[in-house]
2 protein chains.
Amino acid sequence: MPRPLPSVTELADGIRRGDRVLLGRAITLVESTAPAHQAQAGELMAALQAYAPVQTFRVGITGSPGVGKSTFIEALGKHLAGQGQKVAVLAVDPTSQVSGGSILGDKTRMEQLSVDPLAFIRPSPAGDSLGGVARKTRETIALVEAAGYGVVLVETVGVGQSETAVHRMTDAFLLLLLPGAGDELQGIKRGIVEMADLLVVNKADGDRVQLANQARAHYLNALHLFPAKENGWTPRVLACSATEGTGIADVWATLETYKKTAQDNGFFDKNRQVQAHYWFRDALEQELRTAFYRHPAVQEKLNMLEEAVAAGRMSPFAAAREVLRVVFP
Amino acid sequence: MPRPLPSVTELADGIRRGDRVLLGRAITLVESTAPAHQAQAGELMAALQAYAPVQTFRVGITGSPGVGKSTFIEALGKHLAGQGQKVAVLAVDPTSQVSGGSILGDKTRMEQLSVDPLAFIRPSPAGDSLGGVARKTRETIALVEAAGYGVVLVETVGVGQSETAVHRMTDAFLLLLLPGAGDELQGIKRGIVEMADLLVVNKADGDRVQLANQARAHYLNALHLFPAKENGWTPRVLACSATEGTGIADVWATLETYKKTAQDNGFFDKNRQVQAHYWFRDALEQELRTAFYRHPAVQEKLNMLEEAVAAGRMSPFAAAREVLRVVFP
């Protein structure tokens with residue numbers, strides 16, 4: 001962070017009035033691993049009273065690499081902005097520090113959306129664990145919602161555990177698919193298909209329209225093999241072309257139908273309550289670690305014992321117990 | 001745990017004399033998420049003084065699904081047992097709770113090795129995060145080493161972040177590959193190839209021998225594009241047939257050469273020191289959470305605030321800070 005950091009109050013006020021620069025800096029604060037920044041981030045999150053239920057809609061979007069996620073999200077974002085809705089695009093990619101970043105890493109991939117005053121795009125935070133990346137993304141959701149972004153699209157890389165993490169922080173889950181015969185479900189874990197509320201076959205354009213319709217029929221058929229969803233919703237399958245913009249309005253309308261259904265049958269609120277529980281626990285554990293490591297007597301003991309562990313004079317487990325006794329005698 | 005649990009002392013003594021039944025029960029204790037079990041597991045780990053440097057060899061093994069990891073590990077394990085070495089086979093699969101378990105989930109997949117008195121096979125623990133699964137696997141490594149297993153093979157599922165986790169807990173990393181032309185590296189992240197100390201083309205048998213040799217040459221060539229490794233070792237590429245047992249002795253000899261090289265140039269010990277540091281931090285944070293949640297005043301406050309969070313009367317972040325003040329005023 002090169003420039004001097006605004007105070008927590010300045011950040012909170014700035015976010016509440018929708019200041020994009022201060023919002024960006026607040027997210028950078030939340031993503032920072034520096035202990036002082038983490039402490040400030042905790043204060044900011046508490047100050048904003050974020051995550052109290054607000055009328056927002058969080059949509060998780062996944063799909064294999066090559067399915068056109070960025071183009072699709074840009075098209076969907078433009079559709080929303082065209083309706084006058086403020087939309088934020090976030091990403092969860094726990095592999096970004098290994099592979100050098102693949103999703104949303106290059107903001108210019110959403111050239112048109114990124115310059116839209118109603119849109120806010122933020123790439124995946126770096127992190128050495130999915131838990132860390134997911135936590136930062138959740139806090140970022142809270143920040144963009146506090147800044148008035150009523151729709152939050154959370155992209156996930158589509159190759160591992162990150163779908164589960166994104167599913168646990170969103171209201172609806174959309175799986176993007178390629179047109180093609182036979183092995184459409186190949187490479188997509190059954191668990192991910194089970195999470196989806198909406199399957200969308202992308203690239204339904206040119207001479208792929210028929211293929212896309214076949215794929216759509218195939219998925220509709222395959223969905224019958226899955227158990228009924230807890231939210232009382234039968235997943236739908238649509239086709240679209242993100243590059244041509246066809247079918248995008250229908251995707252959004254279906255998501256809104258899903259939202260209304262889930263709100264009416266109570267699943268929407270119940271799901272948010274369950275998510276709030278996990279977010280509470282997660283926030284608590286993060287704050288616990290921060291407070292523990294900032295404790296002067298813990299730091300002193302830690303410095304002493306780290307050397308003993310590295311030199312093999314003490315097992316990590318015995319050393320851990322000894323440090324812990326500083327706070328929990 | 002149906003049967004009454006032996007005391008920590010009984011478990012520690014049993015493990016030290018190599019009692020397989022008590023070893024198995026100790027691992028079950030380590031894998032348990034029940035707070036009382038976690039506390040006992042912490043005592044056991046500290047009592048064993050495990051993870052002090054011992055002359056063991058931890059080998060991480062990865063590869064895409066279908067590459068024949070189980071057959072390969074069984075062949076390698078039998079080779080080691082045939083030499084009179086005690087070998088433990090563990091697995092890290094953070095997706096097992098989603099997909100229903102794929103690696104080592106079915107012990108009978110290693111029918112011959114599983115009945116060998118010198119071998120100990122343990123499937124991946126269940127867990128809702130890679131961090132949790134990895135932590136349990138590390139503690140299991142400590143347990144099997146304390147029970148005298150000098151070689152620990154750690155299998156990983158080969159589709160996401162688990163390779164990084166396994167790389168961080170092992171001395172050597174082996175990437176298993178399929179013979180085949182052209183796109184051999186497809187589906188394998190560059191970061192995983194970079195981690196490998198040894199690449200092994202499996203299924204080099206029958207009419208695939210030539211294909212395997214071509215693949216071997218291809219990989220040898222591709223490896224030149226990677227930066228030199230920190231451990232001063234140039235990764236090697238071998239071919240083998242796990243089903244026929246050919247090339248397995250060569251794989252093990254190469255791993256031993258790697259080990260000797262890393263020991264001689266100091267990387268082996270340095271790497272273990274770095275790993276011990278992370279294991280210490282991880283053990284500390286796990287113990288911290290356990291002690292925190294067992295604190296009566298924390299439990300009381302938590303019960304009060306969870307309801308407020310679920311009902312949306314309080315943000316998770318503000319609630320977290322309030323619970324924390326019980327221990328860190």
# chains A, B, ... in the order shown; residues from 1 in each chain; ligands from 1
$ closest_atom_pairs --of "chain B" --to "chain A" --cutoff "8 Å" --atoms "only C-alpha atoms" --output "tab-separated table"
residue	atom	partner	partner_atom	distance
B:Gly42	CA	A:Phe317	CA	7.0
B:Met45	CA	A:Phe317	CA	5.8
B:Ala46	CA	A:Ala318	CA	4.2
B:Ala47	CA	A:Ala318	CA	7.5
B:Gln49	CA	A:Ser315	CA	5.2
B:Ala50	CA	A:Ser315	CA	5.7
B:Tyr51	CA	A:Ser315	CA	5.3
B:Ala52	CA	A:Gly312	CA	5.0
B:Pro53	CA	A:Gly312	CA	5.8
B:Pro94	CA	A:Gln161	CA	7.7
B:Thr95	CA	A:Gln161	CA	6.9
B:Val98	CA	A:Gly191	CA	5.8
B:Ser99	CA	A:Gly191	CA	6.1
B:Ser129	CA	A:Gly131	CA	7.4
B:Leu130	CA	A:Leu130	CA	7.7
B:Gly131	CA	A:Ser129	CA	7.4
B:Val159	CA	A:Gly160	CA	6.6
B:Gly160	CA	A:Gly160	CA	5.4
B:Gln161	CA	A:Thr95	CA	6.9
B:Lys189	CA	A:Ser99	CA	7.1
B:Arg190	CA	A:Ser99	CA	6.8
B:Gly191	CA	A:Val98	CA	5.7
B:Gln273	CA	A:Ala310	CA	4.7
B:Val274	CA	A:Ala310	CA	7.1
B:Ala276	CA	A:Ala310	CA	6.1
B:His277	CA	A:Ala310	CA	6.2
B:Trp279	CA	A:Pro316	CA	6.3
B:Phe280	CA	A:Pro316	CA	4.2
B:Arg281	CA	A:Ala320	CA	7.5
B:Ala283	CA	A:Phe317	CA	5.9
B:Leu284	CA	A:Ala320	CA	4.5
B:Glu285	CA	A:Arg289	CA	7.2
B:Glu287	CA	A:Arg321	CA	7.1
B:Leu288	CA	A:Leu324	CA	6.5
B:Arg289	CA	A:Glu285	CA	7.2
B:Ala291	CA	A:Phe328	CA	7.0
B:Glu306	CA	A:His277	CA	6.8
B:Val309	CA	A:Ala276	CA	6.6
B:Ala310	CA	A:Gln273	CA	4.7
B:Ala311	CA	A:Gln273	CA	7.0
B:Gly312	CA	A:Ala52	CA	5.0
B:Arg313	CA	A:Ala52	CA	6.8
B:Met314	CA	A:Ala52	CA	6.4
B:Ser315	CA	A:Gln49	CA	5.2
B:Pro316	CA	A:Phe280	CA	4.2
B:Phe317	CA	A:Ala46	CA	5.0
B:Ala318	CA	A:Ala46	CA	4.3
B:Ala319	CA	A:Phe280	CA	7.2
B:Ala320	CA	A:Leu284	CA	4.5
B:Arg321	CA	A:Leu284	CA	7.0
B:Val323	CA	A:Leu284	CA	7.6
B:Leu324	CA	A:Leu288	CA	6.5
B:Phe328	CA	A:Ala291	CA	7.0
$ write_last_selection --atoms "C-alpha atoms" --output "short mmCIF file (atom, residue, chain, number, x, y, z; two decimals), in the first residue's frame"
data_model
loop_
_atom_site.label_atom_id
_atom_site.label_comp_id
_atom_site.auth_asym_id
_atom_site.auth_seq_id
_atom_site.Cartn_x
_atom_site.Cartn_y
_atom_site.Cartn_z
CA GLY B 42 -2.93 -32.89 21.04
CA MET B 45 1.23 -35.71 19.63
CA ALA B 46 3.06 -33.83 22.35
CA ALA B 47 3.69 -37.04 24.33
CA GLN B 49 7.62 -35.93 20.76
CA ALA B 50 6.91 -36.79 17.16
CA TYR B 51 8.35 -34.81 14.26
CA ALA B 52 11.73 -34.49 15.89
CA PRO B 53 14.02 -35.36 12.98
CA PRO B 94 -9.89 -32.87 0.04
CA THR B 95 -12.62 -33.75 -2.46
CA VAL B 98 -17.88 -34.18 -2.19
CA SER B 99 -17.24 -36.91 -4.73
CA SER B 129 -11.26 -28.07 4.00
CA LEU B 130 -7.92 -28.93 2.47
CA GLY B 131 -6.25 -27.33 5.49
CA VAL B 159 -6.74 -32.27 -9.47
CA GLY B 160 -6.19 -29.14 -7.43
CA GLN B 161 -4.47 -27.66 -4.46
CA LYS B 189 -0.75 -27.65 -14.02
CA ARG B 190 2.68 -26.26 -14.68
CA GLY B 191 3.08 -25.67 -10.94
CA GLN B 273 13.19 -27.27 9.12
CA VAL B 274 10.99 -25.07 6.97
CA ALA B 276 8.58 -28.02 10.86
CA HIS B 277 8.06 -24.28 11.10
CA TRP B 279 3.66 -27.57 11.11
CA PHE B 280 4.38 -25.79 14.37
CA ARG B 281 2.25 -22.82 13.32
CA ALA B 283 -0.48 -27.20 15.29
CA LEU B 284 -0.47 -24.02 17.34
CA GLU B 285 -3.51 -22.63 15.54
CA GLU B 287 -4.66 -26.04 19.61
CA LEU B 288 -5.61 -22.38 19.90
CA ARG B 289 -9.02 -23.01 18.38
CA ALA B 291 -8.65 -24.20 23.78
CA GLU B 306 -25.00 -16.99 17.28
CA VAL B 309 -26.13 -13.31 13.91
CA ALA B 310 -28.57 -15.85 12.45
CA ALA B 311 -31.45 -13.45 12.99
CA GLY B 312 -29.53 -10.68 11.27
CA ARG B 313 -29.52 -8.46 14.38
CA MET B 314 -25.73 -8.40 14.41
CA SER B 315 -23.05 -8.69 11.72
CA PRO B 316 -20.77 -11.73 11.95
CA PHE B 317 -17.78 -9.43 12.23
CA ALA B 318 -19.10 -7.36 15.12
CA ALA B 319 -20.20 -10.53 16.90
CA ALA B 320 -16.77 -12.10 16.41
CA ARG B 321 -15.11 -9.13 18.07
CA VAL B 323 -16.76 -13.06 21.61
CA LEU B 324 -13.05 -12.43 21.31
CA PHE B 328 -8.49 -10.84 24.81
#
$ select_by_dssp --residues "range 122-245 of chain B" --states "helix (DSSP H, G or I)" --output "NGL selection string"
:B and (130-146 or 162-167 or 190-195 or 206-223)
$ residues_around --residues "Lys136 in chain A" --least-positions-apart "3" --cutoff "7 Å" --atoms "only C-alpha atoms" --output "count of residues only"
6
$ closest_residue --among "B:Thr170, B:Glu230, B:Thr28, B:Lys69" --to "Ala126 in chain B" --atoms "only C-alpha atoms"
B:Thr28
$ residues_around --residues "Leu225 in chain A" --least-positions-apart "3" --cutoff "12 Å" --atoms "only C-alpha atoms" --output "list in words"
Arg190, Val193, Glu194, His218, Tyr219, Leu220, Asn221, Ala222, Ala228, Lys229 and Pro235 of chain A
$ atom_distance --atom1 "CA of Leu177 in chain B" --atom2 "CA of Val201 in chain B"
4.6 Å
$ closest_residue --among "B:Ala75, B:Met195, B:Leu176, B:Val144" --to "Met110 in chain B" --atoms "only C-alpha atoms"
B:Ala75
$ select_by_dssp --residues "range 22-258 of chain B" --states "strand (DSSP E or B)" --output "VMD selection string"
chain B and resid 57 to 62 87 to 92 119 to 121 151 to 156 172 to 177 198 to 201 236 to 239 241 246
$ residues_around --residues "Phe57 in chain B" --least-positions-apart "2" --cutoff "7 Å" --atoms "only C-alpha atoms" --output "list of chain:residue names"
B:Gln55, B:Val59, B:Gly150, B:Val151, B:Val152, B:Asp171
$ closest_residue --among "A:Ala212, A:Ala12, A:Ala172, A:Leu5" --to "Gln263 in chain A" --atoms "only C-alpha atoms"
A:Ala172
